[in-house]
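Shown below: coords_12.txt, with compact mmCIF, C-alpha atoms and all ligand atoms.
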# COMPACT_ATOMS: atom_id res chain seq x y z
CA MET A 1004 -5.73 39.06 95.36
CA SER A 1005 -4.22 38.57 98.79
CA LEU A 1006 -6.09 36.82 101.58
CA TYR A 1007 -4.62 36.36 105.03
CA GLY A 1008 -7.21 34.09 106.58
CA PRO A 1009 -10.53 32.35 106.01
CA SER A 1010 -12.67 34.95 107.81
CA GLY A 1011 -12.89 38.58 108.77
CA ALA A 1012 -11.58 37.73 112.22
CA THR A 1013 -8.27 36.42 110.84
CA HIS A 1014 -7.79 38.45 107.64
CA ASP A 1015 -8.76 41.80 109.14
CA ASP A 1016 -6.55 41.13 112.14
CA PHE A 1017 -3.58 40.86 109.75
CA THR A 1018 -4.45 43.82 107.52
CA LYS A 1019 -5.65 45.97 110.44
CA VAL A 1020 -8.45 47.16 108.15
CA SER A 1021 -11.92 46.34 109.37
CA GLY A 1022 -14.12 44.86 106.62
CA SER A 1023 -11.20 44.12 104.29
CA PHE A 1024 -11.93 40.38 104.18
CA ASP A 1025 -15.54 40.95 103.11
CA ARG A 1026 -14.42 43.32 100.35
CA ALA A 1027 -11.65 40.98 99.15
CA ILE A 1028 -13.81 37.84 99.04
CA GLY A 1029 -16.67 39.82 97.50
CA THR A 1030 -14.35 41.03 94.72
CA LEU A 1031 -12.99 37.52 94.10
CA ARG A 1032 -16.52 36.10 93.85
CA GLY A 1033 -17.71 38.95 91.63
CA LEU A 1034 -14.84 38.51 89.17
CA ARG A 1035 -15.20 34.72 89.18
CA ASP A 1036 -18.93 35.00 88.45
CA ARG A 1037 -18.17 37.29 85.50
CA GLY A 1038 -15.79 34.75 84.00
CA VAL A 1039 -12.55 36.50 84.94
CA ALA A 1040 -9.69 34.16 85.88
CA VAL A 1041 -8.77 35.05 89.47
CA THR A 1042 -6.33 33.61 91.99
CA ALA A 1043 -6.24 34.22 95.72
CA ALA A 1044 -2.77 34.41 97.25
CA VAL A 1045 -1.71 33.87 100.83
CA SER A 1046 1.65 34.59 102.40
CA LEU A 1047 2.55 31.73 104.71
CA ASN A 1048 3.87 33.05 107.98
CA THR A 1049 3.50 32.62 111.71
CA VAL A 1050 0.24 34.60 111.69
CA THR A 1051 -1.50 32.95 108.71
CA ALA A 1052 -0.24 29.36 109.13
CA PRO A 1053 -2.71 28.31 111.88
CA THR A 1054 -5.72 28.93 109.61
CA VAL A 1055 -4.26 28.32 106.14
CA ARG A 1056 -5.75 24.82 105.81
CA GLU A 1057 -9.18 26.33 106.51
CA LEU A 1058 -8.48 29.01 103.90
CA ALA A 1059 -7.46 26.34 101.36
CA ALA A 1060 -10.73 24.47 102.03
CA LEU A 1061 -12.75 27.67 101.60
CA MET A 1062 -11.07 28.46 98.28
CA ALA A 1063 -11.69 24.91 97.06
CA THR A 1064 -15.40 25.35 97.90
CA GLU A 1065 -15.41 28.72 96.11
CA ARG A 1066 -13.63 27.22 93.05
CA ILE A 1067 -10.93 29.88 93.32
CA PRO A 1068 -7.29 28.73 93.02
CA LEU A 1069 -5.07 29.55 96.00
CA SER A 1070 -1.42 30.38 95.50
CA CYS A 1071 0.93 30.25 98.50
CA ASN A 1072 3.86 32.63 98.90
CA LEU A 1073 6.38 30.92 101.13
CA THR A 1074 8.68 33.76 102.09
CA MET A 1075 8.10 37.01 103.92
CA LEU A 1076 10.40 39.46 102.15
CA PRO A 1077 12.06 42.57 103.49
CA ALA A 1078 9.77 45.53 102.78
CA ARG A 1079 10.47 47.85 99.84
CA SER A 1080 11.33 50.51 102.43
CA GLY A 1081 14.30 48.34 103.41
CA THR A 1082 13.08 47.20 106.81
CA THR A 1083 13.59 43.50 107.45
CA ASP A 1084 10.80 43.38 110.08
CA PRO A 1085 8.47 41.16 107.96
CA THR A 1086 11.12 38.42 107.75
CA ALA A 1087 10.68 37.81 111.49
CA LEU A 1088 7.33 36.22 110.56
CA ASN A 1089 8.92 33.49 108.41
CA LEU A 1090 7.97 29.98 109.50
CA PRO A 1091 10.52 27.57 110.96
CA GLU A 1092 11.72 25.12 108.28
CA GLU A 1093 9.95 22.08 109.79
CA GLU A 1094 6.59 23.84 109.92
CA LEU A 1095 7.04 25.10 106.37
CA ALA A 1096 7.85 21.56 105.20
CA THR A 1097 4.67 20.20 106.82
CA LEU A 1098 2.51 22.83 105.13
CA ILE A 1099 4.15 22.26 101.75
CA ALA A 1100 3.37 18.56 102.04
CA ASP A 1101 -0.17 19.04 103.42
CA LEU A 1102 -1.22 21.64 100.85
CA ALA A 1103 0.70 20.02 97.96
CA ILE A 1104 2.42 23.31 97.20
CA PRO A 1105 4.44 23.04 93.97
CA HIS A 1106 8.14 23.80 94.12
CA GLY A 1107 9.88 26.55 92.18
CA ASP A 1108 11.46 25.47 88.93
CA ARG A 1109 12.92 28.69 87.60
CA LEU A 1110 16.43 27.27 87.44
CA ALA A 1111 15.62 23.68 86.51
CA GLY A 1112 17.45 22.47 83.43
CA LYS A 1113 19.11 25.81 82.73
CA LEU A 1114 22.20 25.90 80.55
CA PRO A 1115 24.95 28.49 81.12
CA ASP A 1116 23.72 30.77 78.32
CA ASP A 1117 20.05 30.62 79.33
CA PRO A 1118 18.36 33.64 80.94
CA PRO A 1119 18.05 33.14 84.72
CA CYS A 1120 14.52 34.57 84.84
CA ALA A 1121 11.84 36.16 82.67
CA ALA A 1122 12.13 39.74 83.95
CA ALA A 1123 12.40 42.23 81.05
CA ARG A 1124 12.40 39.28 78.69
CA SER A 1125 8.97 37.68 78.50
CA ILE A 1126 7.38 39.72 81.29
CA VAL A 1127 7.23 43.34 82.31
CA ALA A 1128 5.34 45.26 85.00
CA LEU A 1129 3.44 48.52 84.89
CA ASP A 1130 2.95 50.34 88.18
CA PRO A 1131 -0.05 52.58 88.94
CA TYR A 1132 1.96 55.69 88.03
CA GLY A 1133 2.84 54.51 84.52
CA THR A 1134 6.36 53.33 85.35
CA ILE A 1135 7.63 50.29 83.47
CA LEU A 1136 9.60 47.78 85.57
CA PRO A 1137 11.23 44.46 84.58
CA CYS A 1138 8.75 42.60 86.85
CA HIS A 1139 6.67 43.33 89.94
CA GLU A 1140 9.62 42.84 92.29
CA LEU A 1141 12.71 44.25 90.54
CA ASP A 1142 12.88 47.95 91.31
CA ILE A 1143 14.79 48.91 88.16
CA PRO A 1144 12.52 51.41 86.40
CA ALA A 1145 12.89 51.87 82.65
CA GLY A 1146 10.95 55.13 82.75
CA SER A 1147 7.37 56.30 82.48
CA LEU A 1148 4.83 55.61 79.77
CA ARG A 1149 3.66 59.17 80.40
CA GLU A 1150 6.92 60.40 78.90
CA LYS A 1151 8.09 57.78 76.39
CA PRO A 1152 6.54 55.05 74.24
CA PHE A 1153 6.82 51.49 75.45
CA ALA A 1154 9.12 50.45 72.58
CA GLU A 1155 11.69 53.01 73.73
CA LEU A 1156 11.43 52.03 77.40
CA TRP A 1157 11.78 48.35 76.49
CA ARG A 1158 15.14 49.11 74.87
CA THR A 1159 16.44 51.25 77.75
CA GLU A 1160 19.99 50.49 78.91
CA SER A 1161 18.95 49.13 82.33
CA PHE A 1162 16.72 46.54 80.64
CA GLU A 1163 19.41 45.67 78.08
CA ASN A 1164 21.89 45.12 80.95
CA LEU A 1165 19.42 42.83 82.67
CA ARG A 1166 18.96 40.82 79.47
CA ARG A 1167 22.72 40.33 79.19
CA ILE A 1168 22.82 38.32 82.45
CA ARG A 1169 23.01 34.58 81.86
CA PHE A 1170 22.45 31.64 84.16
CA GLY A 1171 26.18 30.90 84.06
CA ASP A 1172 26.86 34.36 85.54
CA LEU A 1173 25.04 33.58 88.80
CA THR A 1174 26.97 33.05 92.01
CA ASP A 1175 26.83 29.40 93.20
CA CYS A 1176 23.51 28.51 91.51
CA PRO A 1177 24.87 26.66 88.42
CA ASP A 1178 26.48 23.99 90.66
CA CYS A 1179 23.87 23.95 93.42
CA PRO A 1180 22.24 20.61 94.38
CA TYR A 1181 18.93 22.41 95.07
CA ARG A 1182 18.55 24.19 91.75
CA ALA A 1183 15.90 21.79 90.36
CA VAL A 1184 13.45 22.89 93.08
CA CYS A 1185 14.57 26.49 93.39
CA GLY A 1186 12.64 29.63 92.51
CA ARG A 1187 15.57 32.03 92.98
CA CYS A 1188 14.50 35.65 92.64
CA PRO A 1189 17.09 38.30 91.73
CA ALA A 1190 14.94 40.97 93.36
CA LEU A 1191 15.16 39.16 96.69
CA ALA A 1192 18.93 38.94 96.29
CA LEU A 1193 19.05 42.71 95.80
CA ARG A 1194 16.63 43.43 98.63
CA THR A 1195 18.71 41.40 101.07
CA GLY A 1196 21.90 43.28 100.30
CA GLY A 1197 23.36 41.22 97.45
CA THR A 1198 23.94 41.95 93.79
CA ILE A 1199 21.66 40.94 90.96
CA THR A 1200 23.71 37.79 90.27
CA ASP A 1201 23.74 36.72 93.94
CA HIS A 1202 21.11 34.62 95.70
CA ALA A 1203 19.15 35.40 98.84
CA ALA A 1204 19.56 33.10 101.84
CA LEU A 1205 15.74 33.05 102.06
CA ASP A 1206 15.51 31.53 98.57
CA CYS A 1207 18.12 28.89 99.43
CA ARG A 1208 16.16 28.06 102.58
CA THR A 1209 12.94 27.51 100.63
CA ALA A 1210 14.71 25.32 98.05
CA ARG A 1211 16.28 23.28 100.87
CA VAL A 1212 12.85 22.72 102.44
CA PHE A 1213 11.34 21.62 99.11
CA LYS A 1214 14.15 19.16 98.54
CA LYS A 1215 13.58 17.70 102.00
CA VAL A 1216 9.83 17.30 101.29
CA PHE A 1217 10.30 15.77 97.84
CA ASP A 1218 13.09 13.44 98.97
CA LEU A 1219 10.81 11.88 101.62
S1 LIG A 1301 19.31 27.13 96.55
FE1 LIG A 1301 20.39 29.10 96.54
S2 LIG A 1301 22.38 28.69 95.57
FE2 LIG A 1301 21.00 26.96 95.13
S3 LIG A 1301 20.10 27.41 93.13
FE3 LIG A 1301 18.69 28.19 94.70
S4 LIG A 1301 19.28 30.34 95.04
FE4 LIG A 1301 20.97 29.32 93.93
Reformat the file's structure so that it appears as structure tokens.
Ligand code: SF4
Amino acid sequence: MSLYGPSGATHDDFTKVSGSFDRAIGTLRGLRDRGVAVTAAVSLNTVTAPTVRELAALMATERIPLSCNLTMLPARSGTTDPTALNLPEEELATLIADLAIPHGDRLAGKLPDDPPCAAARSIVALDPYGTILPCHELDIPAGSLREKPFAELWRTESFENLRRIRFGDLTDCPDCPYRAVCGRCPALALRTGGTITDHAALDCRTARVFKKVFDL
């Protein structure tokens, strides 16, 4: 569940929905108390960064893990407005070090014939309308569970094509010095105007920052 600050003043200011912090934290606590494994997630950006350490402390007190998303992505509508909120590299590096944020490792140790990611392989996403997608980010629908059984959707041509892509097919990544700390996302490559085997400049930037932090 997303949180954008440690209080109503900060979270609600980001969501523009009054009372949304109280409802979000109340839901997290309620699920935790019922034994459900929950994680709070925060997107690091120029709005949330000033209070993220306070949010991390609050989540530690609440015994709720906090996951940090490091990149503001272009919206699904195509607008790149959210990317203007991305933190400068130096500030991102400081937060990664302070909060001990783990680096991506999606490409670490990959061989040319390995799959580049788990989408439509070991994971799949179901949207609220019954549509099956390769993951939560890749907008390549297989079809609707309202119309076909899952087994048929799983074998749809778009998913089979995705499963044919190998690490060795990616542009630049196999020989990249940052690949051990990189969490390259094919959906971000697509959303920033590339193809599914390309890489997004925003992913390269994050990997570069991680390498800087871990090389210190
Ligand atoms: S930093 Fe960029 S080029 Fe290098 S492995 Fe990651 S996505 Fe590929």
Self-check item: Close residues to ligand LIG 1301 (chain A) using only C-alpha atoms and all ligand atoms, limit 12 Å, as a VMD selection string
Solution: chain A and resid 1106 to 1113 1119 1170 to 1192 1197 1199 to 1214
Quiz item: By how many Å are CA of Ile1099 in chain A and CA of Leu1076 in chain A apart?
Solution: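 Between CA of Ile1099 in chain A and CA of Leu1076 in chain A the gap is 18.3 Å.
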Quiz prompt | Long-range neighbours of Arg1026 in chain A as a list in words, 12 Å cut-off, only C-alpha atoms, 4 positions minimum in chain | solution =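 Listing them by chain and then by number gives Met1004, Ser1005, Leu1006, Ser1010, Gly1011, His1014, Asp1015, Val1020, Ser1021, Gly1022, Thr1030, Leu1031, Arg1032 and Gly1033 of chain A.
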Practice problem: Could you please determine the separation between CA of Ser1023 in chain A and CA of Leu1136 in chain A in Å, to one decimal place? | Solution: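 Taking CA of Ser1023 in chain A as the start and CA of Leu1136 in chain A as the end point, the length is 28.2 Å.
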Quiz item: So which one's closest to Ile1104 in chain A, A:Leu1073, A:Ile1126, A:Ala1063, A:Ile1028? Using all atoms listed in the file, please.
Solution: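 Nearest candidate to Ile1104 in chain A out of A:Leu1073, A:Ile1126, A:Ala1063, A:Ile1028: A:Leu1073.
CA of Ser1046 in chain A lies 19.2 Å from CA of Val1216 in chain A.
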Can I get range 1007-1020 of chain A with N, CA and C atoms filled in, as a compact mmCIF listing (two decimals), in the frame of the given file?
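So out_31.txt came out as:
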# COMPACT_ATOMS: atom_id res chain seq x y z
N TYR A 1007 -5.49 36.71 103.91
CA TYR A 1007 -4.62 36.36 105.03
C TYR A 1007 -5.32 35.49 106.06
N GLY A 1008 -6.49 34.97 105.68
CA GLY A 1008 -7.21 34.09 106.58
C GLY A 1008 -8.55 33.76 105.97
N PRO A 1009 -9.27 32.80 106.57
CA PRO A 1009 -10.53 32.35 106.01
C PRO A 1009 -11.75 33.13 106.50
N SER A 1010 -11.54 34.21 107.26
CA SER A 1010 -12.67 34.95 107.81
C SER A 1010 -12.23 36.39 108.11
N GLY A 1011 -13.20 37.19 108.40
CA GLY A 1011 -12.89 38.58 108.77
C GLY A 1011 -12.04 38.63 110.03
N ALA A 1012 -12.30 37.71 110.95
CA ALA A 1012 -11.58 37.73 112.22
C ALA A 1012 -10.08 37.57 112.00
N THR A 1013 -9.70 36.70 111.06
CA THR A 1013 -8.27 36.42 110.84
C THR A 1013 -7.66 37.40 109.83
N HIS A 1014 -8.34 37.58 108.70
CA HIS A 1014 -7.79 38.45 107.64
C HIS A 1014 -7.69 39.90 108.13
N ASP A 1015 -8.75 40.39 108.72
CA ASP A 1015 -8.76 41.80 109.14
C ASP A 1015 -7.77 42.04 110.27
N ASP A 1016 -7.53 41.00 111.07
CA ASP A 1016 -6.55 41.13 112.14
C ASP A 1016 -5.16 41.35 111.55
N PHE A 1017 -4.88 40.71 110.39
CA PHE A 1017 -3.58 40.86 109.75
C PHE A 1017 -3.47 42.21 109.04
N THR A 1018 -4.52 42.57 108.30
CA THR A 1018 -4.45 43.82 107.52
C THR A 1018 -4.65 45.06 108.39
N LYS A 1019 -5.30 44.85 109.55
CA LYS A 1019 -5.65 45.97 110.44
C LYS A 1019 -6.65 46.90 109.78
N VAL A 1020 -7.41 46.37 108.81
CA VAL A 1020 -8.45 47.16 108.15
C VAL A 1020 -9.77 46.42 108.32
